[in-house]
Amino acid sequence: MSLRLGDKIPNFSADTNEGRIDSFHEWIGDSWAVLFSHPADFTPVCTTELARMAQLMIEFEKRHVKPIALSCDSVDSHRRWIEDIKSFGSLPKSTEPPFSFPIIADVERKLAVQFGMLDPDEKDAKGLPLTCRAAFVIGPEKTLKLSILYPATTGRNFDEIIRVIDSLQLTAVKKVATPADWKSGGDCMIIPTVSAEEAKQLFPDGFKTIAVPSGKEYIRLTKQPPL
Ligand code: BEZ
């Protein structure tokens, strides 16, 4: 199964280093969530990724986003690996709760298969496909807002994940879209379905229409509206 944007995320229960999650939907609650998958514990790229994610935890919290990782090893293995992650990322040894975010133990790869997270090109010692590096951003109503899939050999950019969360949360409530390379605080584009009349009401501080050879007035820039 592959998830499409807007799909309801299937609910599931899972064991994690922080204990059992009986209902993923209840665990998300009214927050946003990011589900990250990882090929395996005690692997170099995954260690850099989880350390980076833990360093950015305050940025996820500011945005009311609950991160949760998934790796196809046991809870015991996750707990031992977390000590390496903390050491590698110079993270406090006594992070409470046990780590900044839970790591799902998907030993039988049930969730990896259900969510279409396998990388057919990377196999473990037994010849089984490894989990790829997926990141699923999930909204409070439990639908898929964004997905990225990287192969096992390419680590993700966690500043980019924070950047897209900023765009998703802004564009969920304001009639704007964010242009190439946008960063929070940068100018936004008024979405094409907003008429010129509506745009004047919605953006009283004004907007700038960029002249293009077609003469069409569709590139309309405005300051980032406050949330
Ligand atoms: C890693 O996390 O370093 C890794 C895992 C599987 C394949 C390649 C790299």
# chains A, B, ... in the order shown; residues from 1 in each chain; ligands from 1

$ residues_around --residues "A:Ile82" --least-positions-apart "5" --cutoff "10 Å" --atoms "only C-alpha atoms" --output "PyMOL selection string"
chain A and resi 17+41-42+47+50-51+77+87-88+93+98-100+103

$ residues_around --residues "A:Thr16" --least-positions-apart "6" --cutoff "12 Å" --atoms "only C-alpha atoms" --output "list in words"
Asp22, Phe24, Ile68, Ala69, Leu70, Ser71, Cys72, Asp73, Ser74, Val75, Asp76, Ser77, His78, Arg79, Pro98, Phe99, Phe101, Pro102, Ile103, Ile104, Ala105, Asp106 and Val107 of chain A

$ write_last_selection --atoms "C-alpha atoms" --output "compact mmCIF listing (two decimals), in the first residue's frame"
# COMPACT_ATOMS: atom_id res chain seq x y z
CA ASP A 22 -2.23 1.22 21.87
CA PHE A 24 -1.39 5.81 17.09
CA ILE A 68 8.05 9.36 16.21
CA ALA A 69 10.71 7.17 14.59
CA LEU A 70 10.46 3.59 13.36
CA SER A 71 13.25 1.07 12.99
CA CYS A 72 12.98 -2.66 12.35
CA ASP A 73 14.76 -3.79 15.52
CA SER A 74 13.59 -4.63 19.05
CA VAL A 75 12.83 -2.29 21.93
CA ASP A 76 15.92 -3.59 23.77
CA SER A 77 18.08 -2.82 20.76
CA HIS A 78 16.54 0.69 20.48
CA ARG A 79 17.32 1.39 24.15
CA PRO A 98 14.07 8.21 28.26
CA PHE A 99 14.70 9.86 24.87
CA PHE A 101 10.72 10.95 21.09
CA PRO A 102 9.64 7.30 20.84
CA ILE A 103 11.17 4.81 18.41
CA ILE A 104 8.77 2.10 17.19
CA ALA A 105 10.12 -1.46 17.21
CA ASP A 106 8.81 -2.82 13.89
CA VAL A 107 10.68 -6.12 14.20

$ closest_atom_pairs --of "stretch 157-193 of chain A" --to "stretch 206-215 of chain A" --cutoff "10 Å" --atoms "only C-alpha atoms" --output "CSV"
residue,atom,partner,partner_atom,distance
A:Asp187,CA,A:Phe207,CA,9.8
A:Cys188,CA,A:Phe207,CA,9.6
A:Met189,CA,A:Phe207,CA,8.9
A:Ile190,CA,A:Phe207,CA,8.4

$ residues_near_ligand --ligand "ligand 1" --cutoff "12 Å" --atoms "only C-alpha atoms and all ligand atoms" --output "PyMOL selection string"
chain A and resi 37-50+71-72+118-125+128-133+150-156

$ atom_distance --atom1 "atom CA of A:Lys223" --atom2 "atom CA of A:Val176"
9.9 Å

$ atom_distance --atom1 "atom CA of A:Lys200" --atom2 "atom CA of A:Asp166"
24.3 Å

$ select_by_dssp --residues "stretch 39-155 of chain A" --states "alpha helix (DSSP H)" --output "PyMOL selection string"
chain A and resi 44-55+57-62+75-88+110-114

$ write_last_selection --atoms "C-alpha atoms" --output "tab-separated table (two decimals), in the first residue's frame"
chain	number	residue	atom	x	y	z
A	44	PRO	CA	25.79	5.27	10.78
A	45	VAL	CA	23.42	7.46	8.77
A	46	CYS	CA	20.44	6.64	11.01
A	47	THR	CA	22.48	7.60	14.06
A	48	THR	CA	23.22	11.04	12.57
A	49	GLU	CA	19.53	11.48	11.67
A	50	LEU	CA	18.12	10.60	15.09
A	51	ALA	CA	20.72	12.76	16.83
A	52	ARG	CA	19.76	15.71	14.58
A	53	MET	CA	16.09	15.13	15.23
A	54	ALA	CA	16.67	15.09	19.00
A	55	GLN	CA	18.69	18.34	18.72
A	57	MET	CA	13.12	18.66	19.36
A	58	ILE	CA	12.43	22.19	20.64
A	59	GLU	CA	11.59	23.28	17.06
A	60	PHE	CA	9.09	20.40	16.69
A	61	GLU	CA	7.54	21.24	20.09
A	62	LYS	CA	7.15	24.94	19.14
A	75	VAL	CA	12.83	-2.29	21.93
A	76	ASP	CA	15.92	-3.59	23.77
A	77	SER	CA	18.08	-2.82	20.76
A	78	HIS	CA	16.54	0.69	20.48
A	79	ARG	CA	17.32	1.39	24.15
A	80	ARG	CA	20.97	0.40	23.70
A	81	TRP	CA	21.26	2.34	20.42
A	82	ILE	CA	19.81	5.49	22.04
A	83	GLU	CA	22.92	5.69	24.24
A	84	ASP	CA	25.06	5.88	21.08
A	85	ILE	CA	22.73	8.50	19.55
A	86	LYS	CA	22.94	10.68	22.67
A	87	SER	CA	26.72	10.36	22.73
A	88	PHE	CA	27.09	11.08	18.99
A	110	LYS	CA	4.51	-5.02	9.47
A	111	LEU	CA	4.26	-1.22	9.52
A	112	ALA	CA	7.09	-0.83	7.03
A	113	VAL	CA	5.13	-3.00	4.57
A	114	GLN	CA	1.75	-1.45	5.41

$ atom_distance --atom1 "atom CA of A:Ile161" --atom2 "atom CA of A:Ala199"
29.3 Å

$ select_by_dssp --residues "stretch 5-198 of chain A" --states "strand (DSSP E)" --output "PyMOL selection string"
chain A and resi 14-16+19-21+32-38+65-71+103-105+118-123+129-131+133-138+144-150+176-177+188-190

$ write_last_selection --atoms "C-alpha atoms" --output "PDB file, in the first residue's frame"
ATOM      1  CA  ALA A  14       3.131  -0.650  18.403  1.00  0.00           C
ATOM      2  CA  ASP A  15       5.864  -1.237  20.975  1.00  0.00           C
ATOM      3  CA  THR A  16       8.370   1.556  21.460  1.00  0.00           C
ATOM      4  CA  GLY A  19       6.286   1.542  26.144  1.00  0.00           C
ATOM      5  CA  ARG A  20       3.310   0.413  24.102  1.00  0.00           C
ATOM      6  CA  ILE A  21       1.244   2.781  21.981  1.00  0.00           C
ATOM      7  CA  TRP A  32       0.624  17.249  14.225  1.00  0.00           C
ATOM      8  CA  ALA A  33       2.997  14.276  13.934  1.00  0.00           C
ATOM      9  CA  VAL A  34       5.973  13.196  11.855  1.00  0.00           C
ATOM     10  CA  LEU A  35       6.602   9.474  11.401  1.00  0.00           C
ATOM     11  CA  PHE A  36      10.198   8.801  10.327  1.00  0.00           C
ATOM     12  CA  SER A  37      11.378   5.363   9.234  1.00  0.00           C
ATOM     13  CA  HIS A  38      14.953   4.097   9.498  1.00  0.00           C
ATOM     14  CA  VAL A  65       4.497  18.414  16.143  1.00  0.00           C
ATOM     15  CA  LYS A  66       5.165  15.041  17.808  1.00  0.00           C
ATOM     16  CA  PRO A  67       8.001  13.153  16.112  1.00  0.00           C
ATOM     17  CA  ILE A  68       8.051   9.363  16.213  1.00  0.00           C
ATOM     18  CA  ALA A  69      10.706   7.172  14.593  1.00  0.00           C
ATOM     19  CA  LEU A  70      10.458   3.587  13.361  1.00  0.00           C
ATOM     20  CA  SER A  71      13.248   1.068  12.993  1.00  0.00           C
ATOM     21  CA  ILE A 103      11.169   4.808  18.411  1.00  0.00           C
ATOM     22  CA  ILE A 104       8.771   2.103  17.193  1.00  0.00           C
ATOM     23  CA  ALA A 105      10.116  -1.462  17.207  1.00  0.00           C
ATOM     24  CA  LEU A 118      10.720  -0.620   1.984  1.00  0.00           C
ATOM     25  CA  ASP A 119      13.811   0.072  -0.132  1.00  0.00           C
ATOM     26  CA  PRO A 120      14.149  -2.852  -2.587  1.00  0.00           C
ATOM     27  CA  ASP A 121      17.763  -1.943  -3.394  1.00  0.00           C
ATOM     28  CA  GLU A 122      19.115  -2.269   0.157  1.00  0.00           C
ATOM     29  CA  LYS A 123      19.032  -5.680   1.844  1.00  0.00           C
ATOM     30  CA  PRO A 129      14.725  -5.403   2.023  1.00  0.00           C
ATOM     31  CA  LEU A 130      15.555  -2.632   4.485  1.00  0.00           C
ATOM     32  CA  THR A 131      13.238   0.169   5.405  1.00  0.00           C
ATOM     33  CA  ARG A 133      13.977   6.795   4.967  1.00  0.00           C
ATOM     34  CA  ALA A 134      10.372   7.969   4.851  1.00  0.00           C
ATOM     35  CA  ALA A 135       9.007  11.049   6.569  1.00  0.00           C
ATOM     36  CA  PHE A 136       5.228  11.309   6.791  1.00  0.00           C
ATOM     37  CA  VAL A 137       3.837  14.585   8.111  1.00  0.00           C
ATOM     38  CA  ILE A 138       0.388  13.930   9.574  1.00  0.00           C
ATOM     39  CA  LEU A 144      -1.244  12.633   5.262  1.00  0.00           C
ATOM     40  CA  LYS A 145      -0.036  16.188   4.586  1.00  0.00           C
ATOM     41  CA  LEU A 146       3.376  15.415   3.067  1.00  0.00           C
ATOM     42  CA  SER A 147       5.572  12.423   2.390  1.00  0.00           C
ATOM     43  CA  ILE A 148       9.195  12.145   1.405  1.00  0.00           C
ATOM     44  CA  LEU A 149      10.960   8.904   0.573  1.00  0.00           C
ATOM     45  CA  TYR A 150      14.740   8.707   0.508  1.00  0.00           C
ATOM     46  CA  VAL A 176      -1.303  31.603   0.410  1.00  0.00           C
ATOM     47  CA  ALA A 177       1.275  29.204  -1.005  1.00  0.00           C
ATOM     48  CA  CYS A 188       4.223  34.257   0.095  1.00  0.00           C
ATOM     49  CA  MET A 189       2.160  33.885  -3.068  1.00  0.00           C
ATOM     50  CA  ILE A 190      -1.596  34.455  -3.086  1.00  0.00           C
TER      51      ILE A 190
END

$ closest_residue --among "A:Thr178, A:Ser2, A:Asn11, A:Thr193" --to "A:Phe115" --atoms "only C-alpha atoms"
A:Ser2

$ closest_residue --among "A:Gly89, A:Ile219, A:Arg63, A:Leu202" --to "A:Ser167" --atoms "only C-alpha atoms"
A:Arg63

$ closest_residue --among "A:Glu141, A:Glu160, A:Asp205, A:Glu217" --to "A:Ile9" --atoms "only C-alpha atoms"
A:Glu141

$ closest_residue --among "A:Leu221, A:Ala180, A:Ala196, A:Leu56" --to "A:Phe158" --atoms "only C-alpha atoms"
A:Leu56
